[in-house]
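The next block is query_38.cif, given as mmCIF, C-alpha atoms.
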data_entry
#
loop_
_atom_site.label_atom_id
_atom_site.label_comp_id
_atom_site.auth_asym_id
_atom_site.auth_seq_id
_atom_site.Cartn_x
_atom_site.Cartn_y
_atom_site.Cartn_z
CA MET A 1 -6.16 19.96 3.69
CA THR A 2 -7.49 17.78 0.87
CA GLN A 3 -10.69 15.79 1.14
CA ALA A 4 -8.71 12.56 1.14
CA THR A 5 -6.44 13.76 3.96
CA ALA A 6 -9.44 14.84 6.02
CA PHE A 7 -11.09 11.43 5.53
CA TRP A 8 -8.05 9.41 6.64
CA ASP A 9 -7.29 11.79 9.52
CA GLY A 10 -10.89 11.38 10.65
CA ILE A 11 -10.69 7.60 10.90
CA ALA A 12 -7.08 7.31 12.09
CA GLU A 13 -7.85 6.39 15.70
CA ARG A 14 -10.47 3.82 14.69
CA TYR A 15 -8.20 2.45 11.96
CA ALA A 16 -5.37 1.95 14.45
CA LYS A 17 -7.63 -0.19 16.66
CA SER A 18 -9.25 -2.26 13.89
CA PRO A 19 -8.22 -5.93 13.74
CA ILE A 20 -6.69 -7.54 10.65
CA LYS A 21 -9.53 -9.11 8.66
CA ASP A 22 -7.61 -12.09 7.26
CA VAL A 23 -4.67 -12.88 9.51
CA GLU A 24 -3.48 -15.85 7.46
CA ALA A 25 -3.31 -13.83 4.23
CA TYR A 26 -1.63 -10.91 6.01
CA GLU A 27 1.03 -13.04 7.63
CA TYR A 28 1.77 -14.90 4.40
CA THR A 29 2.30 -11.72 2.37
CA LEU A 30 4.31 -10.24 5.24
CA GLU A 31 6.66 -13.22 5.13
CA ARG A 32 6.91 -13.13 1.33
CA THR A 33 7.76 -9.42 1.51
CA ARG A 34 10.32 -9.97 4.24
CA SER A 35 12.05 -12.57 2.06
CA TYR A 36 12.90 -9.87 -0.49
CA LEU A 37 14.43 -7.44 2.02
CA GLY A 38 18.13 -7.23 2.83
CA ALA A 39 19.84 -6.12 6.00
CA ASP A 40 21.46 -3.13 4.25
CA ASP A 41 18.31 -2.02 2.40
CA ASN A 42 16.78 1.43 2.33
CA VAL A 43 13.00 0.88 2.14
CA LEU A 44 10.02 3.16 1.59
CA GLU A 45 6.45 2.18 2.37
CA LEU A 46 3.73 4.29 0.77
CA GLY A 47 0.32 4.40 2.43
CA ALA A 48 1.80 2.97 5.62
CA GLY A 49 -1.20 3.96 7.76
CA THR A 50 -0.40 3.77 11.45
CA GLY A 51 2.74 1.72 10.84
CA SER A 52 1.78 -1.79 11.94
CA THR A 53 3.45 -3.43 8.94
CA ALA A 54 6.36 -0.99 8.98
CA LEU A 55 7.21 -1.88 12.57
CA LEU A 56 7.19 -5.60 11.74
CA LEU A 57 9.41 -5.25 8.66
CA ALA A 58 11.81 -2.55 9.88
CA PRO A 59 14.07 -4.97 11.87
CA SER A 60 14.93 -6.66 8.54
CA VAL A 61 16.49 -3.52 6.98
CA THR A 62 18.81 -0.61 7.76
CA ARG A 63 16.38 2.25 7.11
CA TYR A 64 12.62 2.22 6.72
CA VAL A 65 10.59 5.27 5.71
CA ALA A 66 6.86 4.91 6.46
CA SER A 67 4.82 7.52 4.61
CA ASP A 68 1.11 8.22 4.59
CA LEU A 69 -1.18 10.95 3.33
CA SER A 70 -2.64 11.38 6.83
CA PRO A 71 -0.63 13.32 9.46
CA LYS A 72 -2.71 11.69 12.20
CA MET A 73 -1.88 8.22 10.91
CA THR A 74 1.85 9.00 10.95
CA GLU A 75 1.56 10.56 14.41
CA ILE A 76 0.07 7.33 15.74
CA GLY A 77 2.84 5.41 13.97
CA ARG A 78 5.56 7.44 15.68
CA THR A 79 4.00 6.75 19.06
CA LYS A 80 3.84 3.04 18.33
CA ALA A 81 7.48 3.01 17.22
CA THR A 82 8.55 4.71 20.44
CA ASP A 83 6.48 2.32 22.55
CA GLN A 84 7.94 -0.70 20.74
CA GLY A 85 11.51 0.59 20.76
CA VAL A 86 11.87 0.53 16.95
CA THR A 87 14.44 3.19 16.08
CA ASN A 88 15.11 2.80 12.34
CA VAL A 89 11.64 3.90 11.12
CA GLU A 90 10.97 7.45 9.96
CA PHE A 91 7.32 8.48 9.62
CA ILE A 92 6.52 11.13 7.00
CA ALA A 93 3.13 12.65 6.17
CA ALA A 94 3.24 12.77 2.36
CA ASP A 95 1.46 11.60 -0.75
CA VAL A 96 3.19 9.59 -3.47
CA SER A 97 4.40 12.61 -5.45
CA ASP A 98 5.65 14.61 -2.46
CA PRO A 99 9.26 15.87 -2.93
CA GLN A 100 10.00 14.78 0.66
CA LEU A 101 10.14 11.21 -0.62
CA ALA A 102 12.52 11.95 -3.50
CA GLY A 103 16.30 11.97 -3.30
CA THR A 104 18.39 8.87 -2.74
CA PRO A 105 16.69 5.97 -4.59
CA TYR A 106 15.29 3.15 -2.48
CA ASP A 107 16.17 -0.52 -2.76
CA THR A 108 12.50 -1.40 -2.33
CA VAL A 109 9.25 0.55 -2.34
CA LEU A 110 6.12 -0.99 -0.82
CA ALA A 111 2.52 -0.02 -1.53
CA LEU A 112 0.39 -2.45 0.45
CA ASN A 113 -3.37 -1.90 0.03
CA LEU A 114 -2.79 1.45 -1.67
CA LEU A 115 -2.87 1.40 -5.48
CA HIS A 116 -6.65 0.99 -5.71
CA LEU A 117 -7.00 4.16 -3.59
CA LEU A 118 -4.96 6.40 -5.90
CA PRO A 119 -6.96 8.74 -8.18
CA ASN A 120 -3.88 9.29 -10.39
CA LEU A 121 -2.61 5.73 -10.59
CA THR A 122 -0.73 5.97 -13.89
CA GLU A 123 1.20 9.10 -12.89
CA ASP A 124 1.82 7.85 -9.35
CA LEU A 125 3.34 4.62 -10.66
CA LYS A 126 5.73 6.72 -12.74
CA HIS A 127 6.78 8.56 -9.56
CA ILE A 128 7.27 5.24 -7.79
CA HIS A 129 9.43 3.95 -10.64
CA GLN A 130 11.72 6.97 -10.28
CA MET A 131 12.09 6.38 -6.53
CA ILE A 132 13.60 2.91 -6.98
CA LYS A 133 17.18 2.00 -7.84
CA PRO A 134 17.65 0.29 -11.21
CA GLY A 135 17.01 -3.38 -10.53
CA GLY A 136 15.25 -2.53 -7.26
CA LEU A 137 11.86 -3.86 -6.23
CA PHE A 138 8.31 -2.58 -6.07
CA ILE A 139 6.02 -4.71 -3.90
CA SER A 140 2.30 -4.02 -3.84
CA LYS A 141 -0.98 -5.52 -2.74
CA SER A 142 -4.23 -4.20 -4.20
CA VAL A 143 -7.89 -5.16 -3.94
CA CYS A 144 -9.34 -5.85 -7.40
CA LEU A 145 -13.06 -5.12 -7.18
CA ASN A 146 -13.68 -5.66 -10.89
CA ALA A 147 -12.60 -9.28 -10.73
CA LYS A 148 -15.02 -11.91 -11.98
CA GLY A 149 -17.11 -13.98 -9.60
CA LEU A 150 -17.45 -11.55 -6.72
CA PRO A 151 -20.08 -12.66 -4.20
CA LEU A 152 -23.34 -10.73 -3.98
CA ARG A 153 -22.38 -8.85 -0.80
CA LEU A 154 -19.30 -7.41 -2.52
CA ARG A 155 -21.24 -6.45 -5.64
CA ILE A 156 -23.71 -4.59 -3.41
CA MET A 157 -20.82 -2.90 -1.59
CA LYS A 158 -19.40 -1.69 -4.92
CA LEU A 159 -22.75 -0.13 -5.79
CA ALA A 160 -22.87 1.61 -2.41
CA ILE A 161 -19.41 3.18 -2.64
CA PRO A 162 -20.42 6.30 -4.63
CA LEU A 163 -23.15 7.16 -2.11
CA MET A 164 -20.77 6.58 0.81
CA GLN A 165 -18.21 8.85 -0.87
CA LEU A 166 -20.84 11.55 -1.30
CA LEU A 167 -21.57 11.35 2.42
CA GLY A 168 -17.88 11.44 3.32
CA LYS A 169 -17.98 7.85 4.58
CA ALA A 170 -15.63 6.33 1.98
CA PRO A 171 -12.44 7.37 0.17
CA PHE A 172 -11.78 7.21 -3.55
CA VAL A 173 -11.74 3.55 -4.60
CA ARG A 174 -10.71 2.35 -8.06
CA SER A 175 -12.38 -0.83 -9.32
CA LEU A 176 -9.68 -2.78 -11.12
CA THR A 177 -9.34 -6.16 -12.74
CA ILE A 178 -6.16 -8.10 -12.07
CA GLU A 179 -5.22 -7.64 -15.73
CA GLU A 180 -5.69 -3.86 -15.55
CA LEU A 181 -3.59 -3.63 -12.41
CA GLU A 182 -0.73 -5.65 -13.87
CA HIS A 183 -0.85 -3.69 -17.13
CA GLU A 184 -0.50 -0.41 -15.20
CA VAL A 185 2.49 -1.71 -13.26
CA MET A 186 4.28 -3.04 -16.34
CA ALA A 187 3.53 0.12 -18.35
CA ALA A 188 5.29 2.15 -15.64
CA GLY A 189 8.53 0.28 -16.32
CA PHE A 190 8.41 -2.81 -14.11
CA GLU A 191 8.86 -6.52 -14.73
CA ILE A 192 6.53 -8.61 -12.56
CA ILE A 193 8.35 -11.52 -10.90
CA GLU A 194 5.82 -12.85 -8.39
CA THR A 195 2.03 -12.74 -8.10
CA GLY A 196 -0.70 -14.17 -5.91
CA ASN A 197 -4.13 -13.46 -4.45
CA TYR A 198 -4.14 -13.20 -0.64
CA PRO A 199 -7.02 -13.48 0.10
CA ALA A 200 -8.63 -14.93 -3.00
CA VAL A 201 -12.05 -13.23 -2.55
CA PRO A 202 -12.13 -10.42 -3.30
CA PRO A 203 -8.75 -10.94 -4.93
CA SER A 204 -6.13 -8.88 -3.13
CA ARG A 205 -3.42 -9.07 -5.77
CA TYR A 206 0.10 -9.33 -4.44
CA LEU A 207 2.75 -8.24 -6.93
CA VAL A 208 6.51 -8.21 -6.71
CA ALA A 209 8.02 -6.26 -9.61
CA ARG A 210 11.54 -5.27 -10.56
CA ARG A 211 12.45 -1.86 -12.02
CA VAL A 212 13.80 -2.33 -15.53
#
Serialized structure, structure tokens:
Amino acid sequence: MTQATAFWDGIAERYAKSPIKDVEAYEYTLERTRSYLGADDNVLELGAGTGSTALLLAPSVTRYVASDLSPKMTEIGRTKATDQGVTNVEFIAADVSDPQLAGTPYDTVLALNLLHLLPNLTEDLKHIHQMIKPGGLFISKSVCLNAKGLPLRLRIMKLAIPLMQLLGKAPFVRSLTIEELEHEVMAAGFEIIETGNYPAVPPSRYLVARRV
């Protein structure tokens, strides 16, 4: 078990019970994402956690694969799917490069609140590009902690992250600017077609990109 897997397994139960911090921003990006999905689509969500978003989006598509690094997160997701009667979601414990996720290309791949947590972002985006059908979509949302104008409390939090990681209280977190994030996505072979910050502070950058 990797250190990252152990961390997310360790907080899975607490994570499943934690409330959404910005409901308005979450619901807006959920609706924007839903607008890009088709009834016949085959969708993969990376970093799906305990499946809350997966279970809301799955009724809009034919097949929905919800993957996460943490086996405990996916276990909770399966239980929630059973309890809610959602039958077209498959939960898989896997990281981005896991062969389990390869095979038939997806119409859309989602990575919501994930990219800033990936130690190997450039290589992982290449894997994601290969998972998507030509002309298919990649939809992501990423916190950009290197954005200008962060309030003092967030600047202090950034300084505290390395110590928290040393104590096993925080995962890997990449501090990105919006420009760096978008450059990485485009360099992997995507054309960005929609952007927005939801919420604005710290900017959680929402990107819709098409595989070219």
Of the listed residues A:Ser142, A:Asn42, A:Gln84, A:Thr122, that which approaches Pro199 of chain A most closely, counting all atoms listed in the file: A:Ser142
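Taking atom CA of Lys133 of chain A and atom CA of Leu114 of chain A as endpoints, the distance between them is 20.9 Å.
For the pair atom CA of Ile192 of chain A and atom CA of Arg210 of chain A, the separation is 6.3 Å.
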Residue contacts of segment 3-19 of chain A (9 Å, only C-alpha atoms) excluding same-chain residues fewer than 6 positions away, as JSON, numbers by chain: {"A": [49, 50, 51, 52, 69, 70, 71, 72, 73, 76, 77, 168, 169, 170, 171, 172]}
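In this structure, atom CA of Thr108 of chain A sits 16.7 Å away from atom CA of Ile92 of chain A.
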At a cut-off of 12 Å, using all atoms listed in the file, what residues contact Ile139 of chain A? Leave out same-chain residues fewer than 3 positions from it and give the result as a PDB file with C-alpha atoms, in the frame of the given file.
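Contents of part_39.pdb, as written:
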ATOM      1  CA  THR A  29       2.300 -11.720   2.370  1.00  0.00           C
ATOM      2  CA  LEU A  30       4.310 -10.240   5.240  1.00  0.00           C
ATOM      3  CA  ARG A  32       6.910 -13.130   1.330  1.00  0.00           C
ATOM      4  CA  THR A  33       7.760  -9.420   1.510  1.00  0.00           C
ATOM      5  CA  ARG A  34      10.320  -9.970   4.240  1.00  0.00           C
ATOM      6  CA  SER A  35      12.050 -12.570   2.060  1.00  0.00           C
ATOM      7  CA  TYR A  36      12.900  -9.870  -0.490  1.00  0.00           C
ATOM      8  CA  LEU A  37      14.430  -7.440   2.020  1.00  0.00           C
ATOM      9  CA  VAL A  43      13.000   0.880   2.140  1.00  0.00           C
ATOM     10  CA  LEU A  44      10.020   3.160   1.590  1.00  0.00           C
ATOM     11  CA  GLU A  45       6.450   2.180   2.370  1.00  0.00           C
ATOM     12  CA  LEU A  46       3.730   4.290   0.770  1.00  0.00           C
ATOM     13  CA  ASP A 107      16.170  -0.520  -2.760  1.00  0.00           C
ATOM     14  CA  THR A 108      12.500  -1.400  -2.330  1.00  0.00           C
ATOM     15  CA  VAL A 109       9.250   0.550  -2.340  1.00  0.00           C
ATOM     16  CA  LEU A 110       6.120  -0.990  -0.820  1.00  0.00           C
ATOM     17  CA  ALA A 111       2.520  -0.020  -1.530  1.00  0.00           C
ATOM     18  CA  LEU A 112       0.390  -2.450   0.450  1.00  0.00           C
ATOM     19  CA  ASN A 113      -3.370  -1.900   0.030  1.00  0.00           C
ATOM     20  CA  LEU A 114      -2.790   1.450  -1.670  1.00  0.00           C
ATOM     21  CA  LEU A 115      -2.870   1.400  -5.480  1.00  0.00           C
ATOM     22  CA  LEU A 125       3.340   4.620 -10.660  1.00  0.00           C
ATOM     23  CA  ILE A 128       7.270   5.240  -7.790  1.00  0.00           C
ATOM     24  CA  HIS A 129       9.430   3.950 -10.640  1.00  0.00           C
ATOM     25  CA  ILE A 132      13.600   2.910  -6.980  1.00  0.00           C
ATOM     26  CA  GLY A 136      15.250  -2.530  -7.260  1.00  0.00           C
ATOM     27  CA  SER A 142      -4.230  -4.200  -4.200  1.00  0.00           C
ATOM     28  CA  VAL A 185       2.490  -1.710 -13.260  1.00  0.00           C
ATOM     29  CA  PHE A 190       8.410  -2.810 -14.110  1.00  0.00           C
ATOM     30  CA  GLU A 191       8.860  -6.520 -14.730  1.00  0.00           C
ATOM     31  CA  ILE A 192       6.530  -8.610 -12.560  1.00  0.00           C
ATOM     32  CA  ILE A 193       8.350 -11.520 -10.900  1.00  0.00           C
ATOM     33  CA  GLU A 194       5.820 -12.850  -8.390  1.00  0.00           C
ATOM     34  CA  THR A 195       2.030 -12.740  -8.100  1.00  0.00           C
ATOM     35  CA  GLY A 196      -0.700 -14.170  -5.910  1.00  0.00           C
ATOM     36  CA  ARG A 205      -3.420  -9.070  -5.770  1.00  0.00           C
ATOM     37  CA  TYR A 206       0.100  -9.330  -4.440  1.00  0.00           C
ATOM     38  CA  LEU A 207       2.750  -8.240  -6.930  1.00  0.00           C
ATOM     39  CA  VAL A 208       6.510  -8.210  -6.710  1.00  0.00           C
ATOM     40  CA  ALA A 209       8.020  -6.260  -9.610  1.00  0.00           C
ATOM     41  CA  ARG A 210      11.540  -5.270 -10.560  1.00  0.00           C
ATOM     42  CA  ARG A 211      12.450  -1.860 -12.020  1.00  0.00           C
TER      43      ARG A 211
END
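Comparing A:Asn88, A:Thr104, A:Ala93, A:His116 by their smallest distance to Ser140 of chain A, the closest is A:His116 (using all atoms listed in the file).
Nearest residue to Lys141 of chain A among A:Ser204, A:Thr62, A:Thr2, A:Thr53 is A:Ser204, counting only C-alpha atoms.
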Segment 159-166 of chain A, all listed atoms, 6 Å padding on each side: what axis-aligned box centre and edge lengths in Å to one decimal come out, as AutoDock Vina command-line options?
--center_x -20.7 --center_y 5.7 --center_z -2.5 --size_x 16.9 --size_y 23.7 --size_z 18.6
Hits from the PyMOL selection byres ((chain A and resi 86) around 12), listed as a ChimeraX atom specification: /A:51-52,54-64,77-85,87-91
Nearest to Met131 of chain A by atom-to-atom distance, counting all atoms listed in the file, from A:Leu118, A:Met164, A:Ala187, A:Val96: A:Val96
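The smallest atom-to-atom distance between Ala94 of chain A and any of A:Glu184, A:Met1, A:Phe138, A:Asn120, using all atoms listed in the file, is found for A:Met1.
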A:Gly149, A:Thr74, A:Gln130, A:Ser175 ranked by distance to Ile161 of chain A, top pick (using all atoms listed in the file): A:Ser175
Mind filling out segment 62-73 of chain A with all heavy atoms and sending it as an mmCIF file, in the frame of the given file?
data_model
loop_
_atom_site.group_PDB
_atom_site.id
_atom_site.type_symbol
_atom_site.label_atom_id
_atom_site.label_comp_id
_atom_site.auth_asym_id
_atom_site.auth_seq_id
_atom_site.Cartn_x
_atom_site.Cartn_y
_atom_site.Cartn_z
ATOM 1 N N THR A 62 18.066 -1.679 7.094
ATOM 2 C CA THR A 62 18.810 -0.610 7.760
ATOM 3 C C THR A 62 17.943 0.608 8.024
ATOM 4 O O THR A 62 17.943 1.170 9.120
ATOM 5 C CB THR A 62 20.032 -0.207 6.901
ATOM 6 O OG1 THR A 62 20.967 -1.282 6.903
ATOM 7 C CG2 THR A 62 20.707 1.036 7.460
ATOM 8 N N ARG A 63 17.198 1.040 6.996
ATOM 9 C CA ARG A 63 16.380 2.250 7.110
ATOM 10 C C ARG A 63 15.012 1.986 6.495
ATOM 11 O O ARG A 63 14.911 1.404 5.420
ATOM 12 C CB ARG A 63 17.055 3.420 6.394
ATOM 13 C CG ARG A 63 16.243 4.725 6.414
ATOM 14 C CD ARG A 63 17.048 5.858 5.787
ATOM 15 N NE ARG A 63 16.296 7.106 5.773
ATOM 16 C CZ ARG A 63 15.777 7.666 4.663
ATOM 17 N NH1 ARG A 63 15.952 7.069 3.474
ATOM 18 N NH2 ARG A 63 15.114 8.797 4.718
ATOM 19 N N TYR A 64 13.994 2.445 7.184
ATOM 20 C CA TYR A 64 12.620 2.220 6.720
ATOM 21 C C TYR A 64 11.863 3.536 6.857
ATOM 22 O O TYR A 64 11.739 4.090 7.942
ATOM 23 C CB TYR A 64 11.957 1.152 7.595
ATOM 24 C CG TYR A 64 10.710 0.516 7.020
ATOM 25 C CD1 TYR A 64 10.717 -0.810 6.596
ATOM 26 C CD2 TYR A 64 9.515 1.230 6.914
ATOM 27 C CE1 TYR A 64 9.574 -1.409 6.090
ATOM 28 C CE2 TYR A 64 8.381 0.638 6.409
ATOM 29 C CZ TYR A 64 8.413 -0.682 6.000
ATOM 30 O OH TYR A 64 7.277 -1.280 5.490
ATOM 31 N N VAL A 65 11.397 4.058 5.728
ATOM 32 C CA VAL A 65 10.590 5.270 5.710
ATOM 33 C C VAL A 65 9.133 4.865 5.544
ATOM 34 O O VAL A 65 8.771 4.209 4.562
ATOM 35 C CB VAL A 65 11.007 6.220 4.575
ATOM 36 C CG1 VAL A 65 10.107 7.451 4.558
ATOM 37 C CG2 VAL A 65 12.465 6.636 4.744
ATOM 38 N N ALA A 66 8.288 5.232 6.493
ATOM 39 C CA ALA A 66 6.860 4.910 6.460
ATOM 40 C C ALA A 66 6.098 6.201 6.178
ATOM 41 O O ALA A 66 6.045 7.100 7.019
ATOM 42 C CB ALA A 66 6.421 4.300 7.779
ATOM 43 N N SER A 67 5.533 6.309 4.984
ATOM 44 C CA SER A 67 4.820 7.520 4.610
ATOM 45 C C SER A 67 3.331 7.264 4.487
ATOM 46 O O SER A 67 2.905 6.155 4.157
ATOM 47 C CB SER A 67 5.357 8.081 3.288
ATOM 48 O OG SER A 67 4.978 7.249 2.213
ATOM 49 N N ASP A 68 2.559 8.301 4.762
ATOM 50 C CA ASP A 68 1.110 8.220 4.590
ATOM 51 C C ASP A 68 0.561 9.614 4.360
ATOM 52 O O ASP A 68 1.121 10.599 4.846
ATOM 53 C CB ASP A 68 0.444 7.593 5.826
ATOM 54 C CG ASP A 68 -0.973 7.139 5.530
ATOM 55 O OD1 ASP A 68 -1.921 7.942 5.687
ATOM 56 O OD2 ASP A 68 -1.149 5.977 5.125
ATOM 57 N N LEU A 69 -0.530 9.679 3.620
ATOM 58 C CA LEU A 69 -1.180 10.950 3.330
ATOM 59 C C LEU A 69 -1.656 11.649 4.608
ATOM 60 O O LEU A 69 -1.688 12.871 4.692
ATOM 61 C CB LEU A 69 -2.373 10.693 2.405
ATOM 62 C CG LEU A 69 -3.199 11.888 1.935
ATOM 63 C CD1 LEU A 69 -2.371 12.782 1.024
ATOM 64 C CD2 LEU A 69 -4.453 11.401 1.217
ATOM 65 N N SER A 70 -2.017 10.853 5.609
ATOM 66 C CA SER A 70 -2.640 11.380 6.830
ATOM 67 C C SER A 70 -1.616 11.704 7.922
ATOM 68 O O SER A 70 -0.937 10.805 8.431
ATOM 69 C CB SER A 70 -3.634 10.351 7.376
ATOM 70 O OG SER A 70 -3.984 10.635 8.701
ATOM 71 N N PRO A 71 -1.511 12.977 8.334
ATOM 72 C CA PRO A 71 -0.630 13.320 9.460
ATOM 73 C C PRO A 71 -1.009 12.594 10.751
ATOM 74 O O PRO A 71 -0.130 12.228 11.532
ATOM 75 C CB PRO A 71 -0.809 14.837 9.598
ATOM 76 C CG PRO A 71 -1.212 15.295 8.235
ATOM 77 C CD PRO A 71 -2.073 14.184 7.688
ATOM 78 N N LYS A 72 -2.293 12.371 10.966
ATOM 79 C CA LYS A 72 -2.710 11.690 12.200
ATOM 80 C C LYS A 72 -2.290 10.232 12.188
ATOM 81 O O LYS A 72 -1.932 9.669 13.227
ATOM 82 C CB LYS A 72 -4.212 11.839 12.394
ATOM 83 C CG LYS A 72 -4.626 13.242 12.813
ATOM 84 C CD LYS A 72 -6.058 13.297 13.311
ATOM 85 C CE LYS A 72 -6.413 14.702 13.812
ATOM 86 N NZ LYS A 72 -7.799 14.783 14.322
ATOM 87 N N MET A 73 -2.349 9.601 11.004
ATOM 88 C CA MET A 73 -1.880 8.220 10.910
ATOM 89 C C MET A 73 -0.395 8.139 11.258
ATOM 90 O O MET A 73 0.034 7.267 12.039
ATOM 91 C CB MET A 73 -2.103 7.695 9.481
ATOM 92 C CG MET A 73 -3.548 7.511 9.091
ATOM 93 S SD MET A 73 -4.215 5.922 9.598
ATOM 94 C CE MET A 73 -5.742 5.905 8.626
#
